[in-house]
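Colleague: So here's input.txt, just compact mmCIF, C-alpha atoms:
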# COMPACT_ATOMS: atom_id res chain seq x y z
CA MET M 1 121.76 -45.23 22.80
CA THR M 2 118.20 -45.83 21.58
CA THR M 3 117.86 -48.84 19.31
CA VAL M 4 116.58 -47.99 15.82
CA THR M 5 113.29 -49.61 14.84
CA LEU M 6 112.81 -50.80 11.27
CA THR M 7 109.25 -51.48 10.14
CA PRO M 8 108.23 -54.11 7.58
CA ALA M 9 107.34 -51.28 5.17
CA GLN M 10 110.86 -49.87 5.45
CA ARG M 11 112.38 -53.28 4.81
CA ARG M 12 110.19 -53.80 1.76
CA ALA M 13 111.13 -50.37 0.40
CA ARG M 14 114.84 -51.17 0.37
CA LEU M 15 114.44 -54.68 -1.05
CA GLY M 16 113.75 -53.70 -4.66
CA HIS M 17 117.03 -51.80 -5.06
CA ARG M 18 119.23 -54.13 -3.05
CA HIS M 19 118.01 -57.18 -4.95
CA LEU M 20 118.02 -55.42 -8.34
CA LEU M 21 114.28 -55.84 -8.89
CA VAL M 22 113.42 -52.19 -9.49
CA PRO M 23 113.80 -51.69 -13.28
CA ALA M 24 116.18 -48.76 -12.78
CA ALA M 25 118.40 -50.93 -10.54
CA ARG M 26 118.76 -53.91 -12.89
CA ALA M 27 122.27 -55.15 -13.53
CA GLY M 28 124.36 -55.34 -16.67
CA THR M 29 125.91 -58.80 -16.13
CA SER M 30 125.12 -62.09 -14.45
CA GLU M 31 128.15 -61.62 -12.18
CA GLU M 32 126.62 -58.40 -10.81
CA VAL M 33 123.41 -60.26 -10.00
CA ALA M 34 125.25 -63.07 -8.19
CA HIS M 35 127.33 -60.58 -6.19
CA ALA M 36 124.22 -58.64 -5.16
CA LEU M 37 122.55 -61.79 -3.82
CA LEU M 38 125.63 -63.71 -2.59
CA GLY M 39 124.85 -66.35 -5.15
CA LEU M 40 121.90 -67.78 -7.07
CA HIS M 41 120.12 -70.93 -5.90
CA ALA M 42 121.11 -73.71 -8.30
CA THR M 43 119.43 -76.85 -6.92
CA ASP M 44 116.85 -76.30 -9.67
CA SER M 45 118.95 -75.45 -12.73
CA ALA M 46 116.22 -73.31 -14.29
CA THR M 47 116.28 -71.02 -11.24
CA VAL M 48 119.77 -69.72 -12.06
CA ALA M 49 118.70 -68.42 -15.46
CA LEU M 50 115.29 -67.15 -14.32
CA SER M 51 116.70 -65.37 -11.26
CA ALA M 52 119.28 -63.65 -13.45
CA TYR M 53 116.61 -62.79 -16.04
CA ALA M 54 114.48 -60.95 -13.46
CA ARG M 55 117.41 -58.69 -12.53
CA LEU M 56 119.19 -57.98 -15.82
CA ALA M 57 118.56 -54.88 -17.90
CA ASP M 58 119.23 -56.93 -21.06
CA PRO M 59 118.63 -60.56 -20.05
CA ARG M 60 120.37 -63.05 -22.32
CA LEU M 61 121.11 -66.71 -21.66
CA ALA M 62 124.38 -66.20 -23.52
CA ASP M 63 125.59 -63.84 -20.79
CA LEU M 64 124.95 -66.42 -18.06
CA GLU M 65 126.61 -69.17 -20.10
CA ARG M 66 129.61 -66.89 -20.67
CA ALA M 67 129.99 -66.35 -16.93
CA LEU M 68 129.51 -70.02 -16.00
CA TYR M 69 131.32 -71.84 -18.80
CA GLU M 70 133.56 -69.48 -20.79
CA ASP M 71 134.96 -66.84 -18.42
CA GLY M 72 134.49 -69.04 -15.34
CA THR M 73 133.48 -66.07 -13.21
CA LEU M 74 130.51 -67.96 -11.74
CA LEU M 75 130.74 -71.43 -10.25
CA ARG M 76 128.20 -73.97 -9.01
CA MET M 77 129.11 -75.22 -5.54
CA HIS M 78 127.46 -76.69 -2.45
CA CYS M 79 127.65 -74.21 0.42
CA MET M 80 124.91 -72.72 2.61
CA ARG M 81 122.65 -75.45 4.09
CA ARG M 82 124.35 -77.98 1.74
CA THR M 83 122.42 -76.26 -1.05
CA LEU M 84 123.85 -75.86 -4.56
CA PHE M 85 124.47 -72.20 -5.48
CA ALA M 86 125.98 -70.43 -8.49
CA VAL M 87 128.43 -68.01 -6.85
CA PRO M 88 131.08 -65.53 -8.01
CA THR M 89 134.41 -67.35 -8.16
CA THR M 90 135.96 -64.52 -6.13
CA LEU M 91 133.79 -65.67 -3.20
CA VAL M 92 134.51 -69.39 -3.54
CA PRO M 93 137.31 -69.51 -0.91
CA VAL M 94 135.21 -67.48 1.56
CA LEU M 95 132.18 -69.72 1.15
CA HIS M 96 134.28 -72.89 1.13
CA HIS M 97 136.07 -72.15 4.41
CA SER M 98 133.07 -70.57 6.16
CA THR M 99 130.58 -73.27 5.27
CA THR M 100 131.43 -75.98 2.75
CA ARG M 101 134.29 -77.54 4.74
CA LYS M 102 131.86 -78.62 7.47
CA VAL M 103 129.29 -79.70 4.89
CA ALA M 104 131.95 -81.83 3.19
CA ALA M 105 132.97 -83.41 6.49
CA ARG M 106 129.36 -84.47 7.12
CA GLU M 107 129.08 -85.73 3.53
CA ARG M 108 132.25 -87.79 3.94
CA ALA M 109 131.02 -89.32 7.20
CA GLY M 110 127.69 -90.22 5.57
CA LEU M 111 129.39 -91.79 2.56
CA LEU M 112 131.73 -93.84 4.75
CA LYS M 113 128.71 -95.11 6.67
CA LEU M 114 127.10 -96.14 3.38
CA LEU M 115 130.33 -97.78 2.13
CA ALA M 116 130.49 -99.86 5.31
CA THR M 117 127.24 -101.56 4.22
CA ALA M 118 128.75 -102.72 0.90
CA GLU M 119 129.66 -106.37 0.24
CA PRO M 120 132.45 -106.63 1.23
CA PRO M 121 132.52 -103.52 3.48
CA LEU M 122 134.60 -100.61 2.21
CA ASP M 123 136.54 -98.09 4.30
CA ALA M 124 138.30 -94.71 4.18
CA ALA M 125 141.33 -96.20 2.42
CA TRP M 126 139.09 -97.47 -0.39
CA LEU M 127 137.44 -94.05 -0.65
CA ALA M 128 140.84 -92.33 -0.93
CA ARG M 129 141.81 -94.67 -3.78
CA ALA M 130 138.49 -94.07 -5.51
CA GLU M 131 138.94 -90.30 -5.27
CA GLU M 132 142.42 -90.50 -6.79
CA GLU M 133 141.15 -92.77 -9.54
CA ALA M 134 138.41 -90.25 -10.40
CA LEU M 135 140.93 -87.40 -10.52
CA ALA M 136 143.25 -89.43 -12.75
CA VAL M 137 140.38 -90.05 -15.20
CA LEU M 138 139.54 -86.34 -15.24
CA ARG M 139 143.16 -85.47 -16.01
CA ARG M 140 142.98 -87.76 -19.04
CA LEU M 141 139.53 -86.67 -20.26
CA GLY M 142 139.73 -82.98 -19.33
CA GLU M 143 136.00 -82.62 -18.66
CA ALA M 144 133.31 -85.31 -18.51
CA GLY M 145 129.99 -86.25 -16.98
CA ALA M 146 129.66 -88.47 -13.94
CA SER M 147 128.61 -91.54 -15.95
CA GLU M 148 131.53 -91.21 -18.37
CA ILE M 149 134.03 -90.77 -15.54
CA THR M 150 132.56 -93.78 -13.74
CA ASP M 151 132.77 -95.89 -16.91
CA HIS M 152 136.53 -95.21 -17.01
CA ALA M 153 137.13 -95.84 -13.29
CA PRO M 154 136.63 -99.42 -12.00
CA LEU M 155 136.44 -98.43 -8.34
CA LEU M 156 133.67 -95.92 -9.05
CA GLN M 157 131.55 -98.72 -10.50
CA GLN M 158 131.11 -100.21 -7.01
CA LYS M 159 127.38 -100.81 -6.41
CA LEU M 160 125.83 -99.22 -3.33
CA VAL M 161 122.39 -100.22 -2.02
CA LEU M 162 120.28 -97.37 -0.68
CA ALA M 163 117.48 -97.97 1.85
CA PRO M 164 117.86 -101.78 1.82
CA GLY M 165 114.65 -103.64 2.51
CA LYS M 166 112.49 -100.55 1.97
CA ARG M 167 109.84 -100.16 -0.71
CA TYR M 168 112.03 -97.48 -2.33
CA GLN M 169 115.27 -99.49 -2.19
CA ALA M 170 117.66 -98.49 -5.00
CA THR M 171 121.11 -99.42 -6.26
CA GLN M 172 123.57 -96.79 -7.47
CA ARG M 173 127.17 -96.78 -8.60
CA ALA M 174 129.58 -95.02 -6.23
CA GLY M 175 130.81 -92.62 -8.93
CA GLY M 176 128.24 -89.90 -8.37
CA TRP M 177 128.78 -89.97 -4.61
CA VAL M 178 132.56 -89.72 -4.94
CA LEU M 179 132.41 -86.87 -7.44
CA ARG M 180 129.98 -84.89 -5.28
CA LEU M 181 132.34 -85.29 -2.34
CA LEU M 182 135.31 -84.19 -4.46
CA ALA M 183 133.34 -81.10 -5.50
CA MET M 184 132.53 -80.26 -1.87
CA ASP M 185 136.22 -80.62 -1.01
CA GLY M 186 137.02 -78.14 -3.79
CA ARG M 187 139.02 -80.67 -5.82
CA VAL M 188 136.68 -80.76 -8.84
CA ARG M 189 134.26 -78.25 -10.32
CA ARG M 190 131.04 -78.52 -12.26
CA GLY M 191 131.24 -77.42 -15.89
CA ARG M 192 128.70 -77.33 -18.71
CA PRO M 193 125.46 -79.28 -18.27
CA LEU M 194 124.72 -82.44 -20.21
CA GLY M 195 121.82 -80.72 -21.94
CA GLY M 196 120.25 -77.27 -22.00
CA TRP M 197 119.96 -74.60 -19.32
CA THR M 198 117.32 -76.55 -17.41
CA SER M 199 119.48 -79.70 -17.11
CA GLY M 200 120.72 -80.73 -13.66
CA ARG M 201 123.43 -83.12 -14.90
CA PHE M 202 126.87 -81.58 -15.32
CA ARG M 203 130.33 -82.30 -16.61
CA TYR M 204 133.15 -82.19 -14.09
CA ARG M 205 136.72 -80.89 -14.38
CA GLU M 206 139.66 -80.78 -11.98
CA ALA M 207 139.77 -77.63 -9.86
CA PRO M 208 142.77 -75.41 -9.11
CA PRO M 209 144.10 -75.55 -5.51
CA MET M 210 141.78 -73.89 -3.00
CA PRO M 211 143.38 -70.87 -1.26
CA ASP M 212 143.59 -71.09 2.52
CA ALA M 213 141.40 -68.90 4.73
CA ASP M 214 140.59 -68.70 8.42
CA PRO M 215 137.07 -70.12 8.96
CA GLU M 216 136.07 -67.52 11.54
CA ALA M 217 137.28 -64.64 9.37
CA ALA M 218 135.45 -66.18 6.43
CA ARG M 219 132.22 -66.43 8.42
CA ALA M 220 132.51 -62.77 9.43
CA GLU M 221 132.93 -61.85 5.76
CA VAL M 222 129.84 -63.85 4.80
CA VAL M 223 127.81 -62.07 7.49
CA ARG M 224 129.00 -58.65 6.27
CA ARG M 225 127.97 -59.50 2.74
CA TRP M 226 124.66 -61.02 3.85
CA LEU M 227 123.75 -57.94 5.89
CA ARG M 228 124.69 -55.71 2.96
CA SER M 229 122.35 -57.64 0.66
CA TYR M 230 119.65 -59.00 2.97
CA GLY M 231 119.89 -56.91 6.14
CA PRO M 232 118.37 -56.20 8.46
CA GLY M 233 117.87 -59.71 9.70
CA THR M 234 117.67 -61.65 12.93
CA THR M 235 120.24 -64.03 14.36
CA ASP M 236 117.82 -66.80 13.44
CA ASP M 237 117.71 -65.58 9.83
CA VAL M 238 121.51 -65.66 9.54
CA LYS M 239 121.77 -69.06 11.23
CA TRP M 240 119.10 -70.54 8.95
CA TRP M 241 120.54 -69.03 5.75
CA THR M 242 124.09 -70.15 6.43
CA GLY M 243 123.38 -73.46 8.13
CA TRP M 244 125.80 -72.60 10.96
CA THR M 245 125.40 -73.30 14.65
CA VAL M 246 124.06 -70.62 16.99
CA THR M 247 127.55 -70.12 18.44
CA GLU M 248 129.15 -69.72 15.01
CA THR M 249 126.44 -67.28 13.98
CA ARG M 250 126.76 -65.11 17.07
CA ARG M 251 130.54 -64.99 16.78
CA ALA M 252 130.35 -64.03 13.12
CA LEU M 253 127.84 -61.25 13.85
CA GLY M 254 130.17 -59.90 16.52
CA ALA M 255 133.22 -60.12 14.27
CA ALA M 256 131.34 -58.36 11.49
CA GLY M 257 130.56 -55.46 13.84
CA ALA M 258 126.81 -55.85 13.36
CA VAL M 259 124.64 -53.24 15.12
CA ALA M 260 121.36 -54.13 16.83
CA VAL M 261 117.99 -52.86 15.54
CA ASP M 262 114.42 -53.65 16.45
CA LEU M 263 112.29 -55.57 13.96
CA ALA M 264 108.68 -56.72 14.07
CA GLU M 265 109.84 -60.28 14.82
CA GLY M 266 112.35 -59.19 17.50
CA PRO M 267 115.99 -58.07 17.70
CA GLY M 268 117.80 -57.78 14.39
CA TRP M 269 121.10 -56.63 12.90
CA VAL M 270 122.49 -54.19 10.34
CA LEU M 271 125.99 -53.07 9.41
CA PRO M 272 127.29 -49.98 11.22
CA ASP M 273 127.42 -47.84 8.08
CA ASP M 274 123.89 -48.97 7.23
CA LEU M 275 122.38 -47.68 10.45
CA ALA M 276 121.88 -44.05 9.41
CA GLU M 277 120.29 -45.09 6.13
CA ALA M 278 118.12 -47.64 7.91
CA SER M 279 116.82 -45.15 10.46
CA GLY M 280 115.86 -42.61 7.83
CA GLU M 281 114.67 -44.88 5.06
CA ARG M 282 111.31 -43.98 3.57
CA THR M 283 108.48 -46.46 3.35
CA GLU M 284 107.54 -45.49 -0.19
CA GLY M 285 109.51 -46.11 -3.35
CA GLU M 286 109.34 -46.82 -7.05
CA ASP M 287 106.59 -49.27 -8.03
CA TRP M 288 107.83 -52.59 -9.36
CA VAL M 289 106.65 -56.12 -10.00
CA ALA M 290 108.66 -59.30 -10.59
CA LEU M 291 107.97 -62.93 -11.41
CA LEU M 292 110.62 -64.82 -9.46
CA PRO M 293 111.26 -68.54 -9.97
CA GLY M 294 111.08 -71.31 -7.43
CA LEU M 295 113.92 -71.17 -4.88
CA ASP M 296 114.79 -67.61 -5.88
CA PRO M 297 117.30 -66.05 -3.42
CA THR M 298 114.89 -63.25 -2.49
CA THR M 299 112.07 -65.62 -1.60
CA MET M 300 114.48 -67.91 0.30
CA GLY M 301 116.54 -65.15 1.90
CA TRP M 302 115.14 -65.20 5.45
CA ARG M 303 113.73 -67.71 7.90
CA HIS M 304 111.20 -65.16 9.20
CA ARG M 305 109.07 -64.10 6.23
CA ASP M 306 105.92 -62.48 7.60
CA TRP M 307 107.19 -59.02 6.62
CA TYR M 308 106.99 -59.94 2.92
CA LEU M 309 104.71 -63.00 2.84
CA ASP M 310 101.19 -63.32 4.23
CA PRO M 311 101.35 -66.47 6.41
CA ALA M 312 97.98 -67.55 4.98
CA HIS M 313 99.63 -67.96 1.55
CA ARG M 314 102.64 -69.98 2.66
CA ALA M 315 101.03 -73.40 2.15
CA GLY M 316 100.21 -72.67 -1.49
CA LEU M 317 103.57 -71.15 -2.41
CA PHE M 318 105.95 -73.54 -0.59
CA ASP M 319 106.14 -77.32 -0.65
CA THR M 320 106.08 -79.40 2.55
CA ASN M 321 109.90 -79.30 2.77
CA GLY M 322 110.01 -75.49 2.69
CA ASN M 323 111.04 -75.08 -0.95
CA ALA M 324 109.56 -71.96 -2.53
CA GLY M 325 107.69 -72.14 -5.81
CA PRO M 326 107.40 -69.39 -8.44
CA THR M 327 106.15 -66.17 -6.83
CA VAL M 328 104.69 -62.85 -7.97
CA TRP M 329 106.16 -59.82 -6.18
CA ARG M 330 105.10 -56.20 -5.98
CA ASN M 331 106.97 -53.51 -4.07
CA GLY M 332 108.72 -55.90 -1.71
CA GLU M 333 105.92 -58.35 -0.91
CA ILE M 334 104.71 -61.61 -2.40
CA ILE M 335 101.22 -61.12 -3.80
CA GLY M 336 100.73 -64.31 -5.83
CA GLY M 337 102.22 -67.18 -7.77
CA TRP M 338 102.80 -68.18 -11.38
CA ALA M 339 103.74 -71.16 -13.55
CA CYS M 340 104.84 -72.12 -17.07
CA ARG M 341 102.44 -74.50 -18.79
CA PRO M 342 103.72 -77.21 -21.15
CA ASP M 343 102.71 -75.08 -24.16
CA GLY M 344 104.84 -72.19 -22.85
CA GLU M 345 102.03 -70.00 -21.58
CA ILE M 346 102.90 -68.07 -18.42
CA VAL M 347 99.91 -68.15 -16.07
CA TRP M 348 99.55 -66.41 -12.73
CA ARG M 349 97.19 -65.84 -9.84
CA LEU M 350 97.14 -63.00 -7.33
CA LEU M 351 96.48 -63.94 -3.71
CA THR M 352 96.55 -60.35 -2.46
CA ASP M 353 94.62 -57.58 -4.22
CA ARG M 354 96.76 -54.50 -4.80
CA GLY M 355 94.50 -52.81 -7.31
CA ALA M 356 94.04 -52.59 -11.07
CA ALA M 357 97.47 -51.03 -11.69
CA ALA M 358 99.18 -53.99 -10.03
CA ARG M 359 97.21 -56.48 -12.14
CA VAL M 360 98.15 -54.64 -15.33
CA ALA M 361 101.81 -54.57 -14.31
CA VAL M 362 101.85 -58.30 -13.51
CA ALA M 363 100.21 -59.12 -16.84
CA ALA M 364 102.85 -57.06 -18.66
CA GLU M 365 105.67 -58.77 -16.77
CA ALA M 366 104.21 -62.21 -17.55
CA ALA M 367 104.04 -61.30 -21.24
CA ARG M 368 107.66 -60.08 -21.14
CA LEU M 369 108.83 -63.35 -19.58
CA GLN M 370 106.85 -65.45 -22.07
CA GLU M 371 108.40 -63.55 -24.98
CA TRP M 372 111.90 -64.01 -23.53
CA LEU M 373 111.38 -67.75 -23.08
CA GLY M 374 110.36 -68.24 -26.68
CA GLU M 375 110.36 -71.98 -27.39
CA ASN M 376 112.01 -72.83 -24.06
CA ARG M 377 110.00 -74.71 -21.45
CA PHE M 378 110.64 -75.57 -17.83
CA ALA M 379 108.94 -77.02 -14.76
CA PRO M 380 110.00 -76.34 -11.17
CA ALA M 381 111.99 -79.15 -9.56
CA PHE M 382 109.86 -78.81 -6.42
CA PRO M 383 106.19 -78.38 -7.44
CA THR M 384 104.06 -76.37 -5.03
CA PRO M 385 100.28 -76.56 -4.66
CA LEU M 386 99.54 -73.26 -6.41
CA ALA M 387 101.95 -73.89 -9.29
CA THR M 388 100.43 -77.33 -9.81
CA GLU M 389 96.91 -75.87 -9.90
CA LEU M 390 97.95 -73.22 -12.43
CA VAL M 391 99.58 -75.76 -14.75
CA ARG M 392 96.41 -77.87 -14.64
CA GLY M 393 94.24 -74.84 -15.29
CA GLU M 394 92.40 -75.09 -11.97
CA ARG M 395 90.75 -71.98 -10.62
CA GLY M 396 91.30 -70.73 -7.09
Would you put the structure from the file into structure tokens?
Modeller:
Amino acid sequence: MTTVTLTPAQRRARLGHRHLLVPAARAGTSEEVAHALLGLHATDSATVALSAYARLADPRLADLERALYEDGTLLRMHCMRRTLFAVPTTLVPVLHHSTTRKVAARERAGLLKLLATAEPPLDAAWLARAEEEALAVLRRLGEAGASEITDHAPLLQQKLVLAPGKRYQATQRAGGWVLRLLAMDGRVRRGRPLGGWTSGRFRYREAPPMPDADPEAARAEVVRRWLRSYGPGTTDDVKWWTGWTVTETRRALGAAGAVAVDLAEGPGWVLPDDLAEASGERTEGEDWVALLPGLDPTTMGWRHRDWYLDPAHRAGLFDTNGNAGPTVWRNGEIIGGWACRPDGEIVWRLLTDRGAAARVAVAAEAARLQEWLGENRFAPAFPTPLATELVRGERG
């Protein structure tokens, strides 16, 4: 059987619909957006709202807050690559058993190593008591921030010294570390933020018991969903996105029944029922533009990005740790960047010229975003060179 070849143009053509960026494909609820993308990056709290905004037919912060805090149909959790995502609660067990369990084991080992440096040294038995003390406080309070929980729990007030002897040495209470570990273990959940939608400090509440799932079956399910949303992709793309080992990734691809295709960067994968569509997919489609925030799932969806990002623009749009800044998209490719200035003005710069019509469309989309933001302001948690220049008013 001849392997199907998918060109970068074909991949870009399908992206707008699969990621709900074509206006006609926009979703009705925040849950639909999170399902389409397997979750919204939540390390930068503003990204959750801005990623949803770009994909909703009627974007309203109230809809996202309903899903996260009232209906509880979206949940913030650490999963892929130890990154914080806002995911549909129906996927929490799958993501927990496929990914978070190993992340939590590494987190626990790291915390025990840190506790061993305390005076006097602390061990796993102390950590177990501290976890139970935190849960007991949460049962009394119902929902509370990390500082409030720590204030009510003597063990959590244990001081831990980070980077002793270094210029950036710091001292922290153990409470935040213990609560983060409890969240990774699925024993507590993050609730409403201590502030507005751009705040990264959250209240915690006790979580219901986590359903059991087979890790290998869960990884196969994640791969099926990833290929449905992000496919085609390479083995390297899946490994990078999930944070799994090469062996785990290959087994999951096999269990998912992935079918091989040829991509510009090498061998790739699609789902079996996606093969016919992939082989006949047109390279043209409906014109669209989008202003996506830093760490948006589309920008961060693949390790190999040359098919949608000119390598010459990577340094300006990503920080030195690989975190994406705000990007301007047109028809499946990144053509520039944007930023929100302290006075609320949305400013942008195109790095790739796609003609007058594209410039007009980007200007209109920037105006739409600025109107939606109103009096709200935000700054990316991970500033990138181009975003910094735009905020300062520097010209390229």
Colleague: What does the distance from CA of Pro209 in chain M to CA of Arg187 in chain M come to in Å, to one decimal?
Modeller: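 Spanning CA of Pro209 in chain M to CA of Arg187 in chain M is a straight-line distance of 7.2 Å.
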Colleague: In Å, with one decimal, what is the gap from CA of Leu292 in chain M to CA of Leu50 in chain M?
Modeller: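 If I compute the distance from CA of Leu292 in chain M to CA of Leu50 in chain M, I get 7.1 Å.
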Colleague: Applying 9 Å and all atoms listed in the file, which residues near Trp240 in chain M remain after dropping the ones on its own chain fewer than 2 positions away? List them as an MDAnalysis selection string.
Modeller: chainID M and resid 80:81 235:238 242:245 302:303
Colleague: Would you export the selected residues with C-alpha atoms as a CSV table (one decimal), keeping the file's coordinate frame, please?
Modeller:
chain,number,residue,atom,x,y,z
M,80,MET,CA,124.9,-72.7,2.6
M,81,ARG,CA,122.6,-75.4,4.1
M,235,THR,CA,120.2,-64.0,14.4
M,236,ASP,CA,117.8,-66.8,13.4
M,237,ASP,CA,117.7,-65.6,9.8
M,238,VAL,CA,121.5,-65.7,9.5
M,242,THR,CA,124.1,-70.2,6.4
M,243,GLY,CA,123.4,-73.5,8.1
M,244,TRP,CA,125.8,-72.6,11.0
M,245,THR,CA,125.4,-73.3,14.6
M,302,TRP,CA,115.1,-65.2,5.4
M,303,ARG,CA,113.7,-67.7,7.9
Colleague: What does the structure give for the distance between CA of Pro342 in chain M and CA of Trp329 in chain M, in Å to one decimal?
Modeller: 23.1 Å
Colleague: Tell me, as a list of chain:residue names, which residues lie within 8 Å of Leu351 in chain M, counting all atoms listed in the file; anything in the same chain fewer than 3 positions away does not count.
Modeller: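 The residues that qualify are M:His313, M:Ile335, M:Gly336, M:Gly337.
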Colleague: M:Gln158, M:Ala13, M:Arg203, M:Leu122: which is nearest Gly142 in chain M, counting only C-alpha atoms?
Modeller: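 Nearest to Gly142 in chain M: M:Arg203.
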Colleague: Compare M:Glu389, M:Glu206, M:Glu286, M:Glu371 by their minimum atom-to-atom distance to Glu132 in chain M, counting all atoms listed in the file, and give me the closest one.
Modeller: M:Glu206
Colleague: Counting only C-alpha atoms, which residue out of M:Leu61, M:Val22, M:Val261, M:Ala217 sits closest to Gly374 in chain M?
Modeller: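 Among the listed residues, the smallest separation from Gly374 in chain M belongs to M:Leu61.
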Colleague: So that each row is one residue of range 164-244 of chain M with an atom at most 7 Å from range 92-102 of chain M, can you give its shortest atom pair and the distance in Å to one decimal, using all atoms listed in the file, rows by chain and rising number, as CSV?
Modeller:
residue,atom,partner,partner_atom,distance
M:Met184,CA,M:Thr100,CA,6.4
M:Asp185,CA,M:Arg101,CA,6.8
M:Met210,CA,M:Pro93,CA,6.6
M:Pro211,CA,M:Pro93,CA,6.2
M:Ala213,CA,M:His97,CA,6.3
M:Asp214,CA,M:His97,CA,7.0
M:Pro215,CA,M:Ser98,CA,4.9
M:Glu216,CA,M:Ser98,CA,6.9
M:Ala218,CA,M:Ser98,CA,5.0
M:Arg219,CA,M:Ser98,CA,4.8
Colleague: Using all atoms listed in the file, which of the listed residues (M:Pro121, M:Pro88, M:Gly316, M:Gly332) sits closest to Gly39 in chain M?
Modeller: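 Once distances to Gly39 in chain M are computed over all atoms listed in the file, the minimum belongs to M:Pro88.
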Colleague: Would you kindly return, as a PyMOL selection string, each protein, DNA or RNA residue with an atom no farther than 10 Å from any atom of Arg228 in chain M, considering all atoms listed in the file and excluding same-chain residues fewer than 5 positions away?
Modeller: chain M and resi 18+36-38+222-223+270-271+273-274
Colleague: Excluding same-chain residues fewer than 4 positions from Lys159 in chain M, what lies within 10 Å of it counting all atoms listed in the file, as a short mmCIF file (atom, residue, chain, number, x, y, z; two decimals) with C-alpha atoms, keeping the file's coordinate frame?
Modeller:
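Done, and the output landed in out.cif:
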data_model
loop_
_atom_site.label_atom_id
_atom_site.label_comp_id
_atom_site.auth_asym_id
_atom_site.auth_seq_id
_atom_site.Cartn_x
_atom_site.Cartn_y
_atom_site.Cartn_z
CA LEU M 115 130.33 -97.78 2.13
CA ALA M 118 128.75 -102.72 0.90
CA GLU M 119 129.66 -106.37 0.24
CA LEU M 155 136.44 -98.43 -8.34
CA THR M 171 121.11 -99.42 -6.26
CA GLN M 172 123.57 -96.79 -7.47
CA ARG M 173 127.17 -96.78 -8.60
CA ALA M 174 129.58 -95.02 -6.23
CA GLY M 175 130.81 -92.62 -8.93
#
Colleague: List as a PyMOL selection string the protein and nucleic acid residues near Gln370 in chain M, meaning an atom at most 8 Å away when all atoms listed in the file are counted, but skip any in the same chain fewer than 3 places from it.
Modeller: chain M and resi 344-346+366-367+373-374
Colleague: Looking at all atoms listed in the file, which of M:Ala34, M:Cys340, M:Ala260, M:Leu309 is the one that sits closest to Thr73 in chain M?
Modeller: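 When distances to Thr73 in chain M are compared using all atoms listed in the file, the smallest one comes from M:Ala34.
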Colleague: Rank nothing, just name the residue among M:Gly294, M:Gly268, M:Pro232, M:Gly28 nearest to His41 in chain M, using all atoms listed in the file.
Modeller: M:Gly294
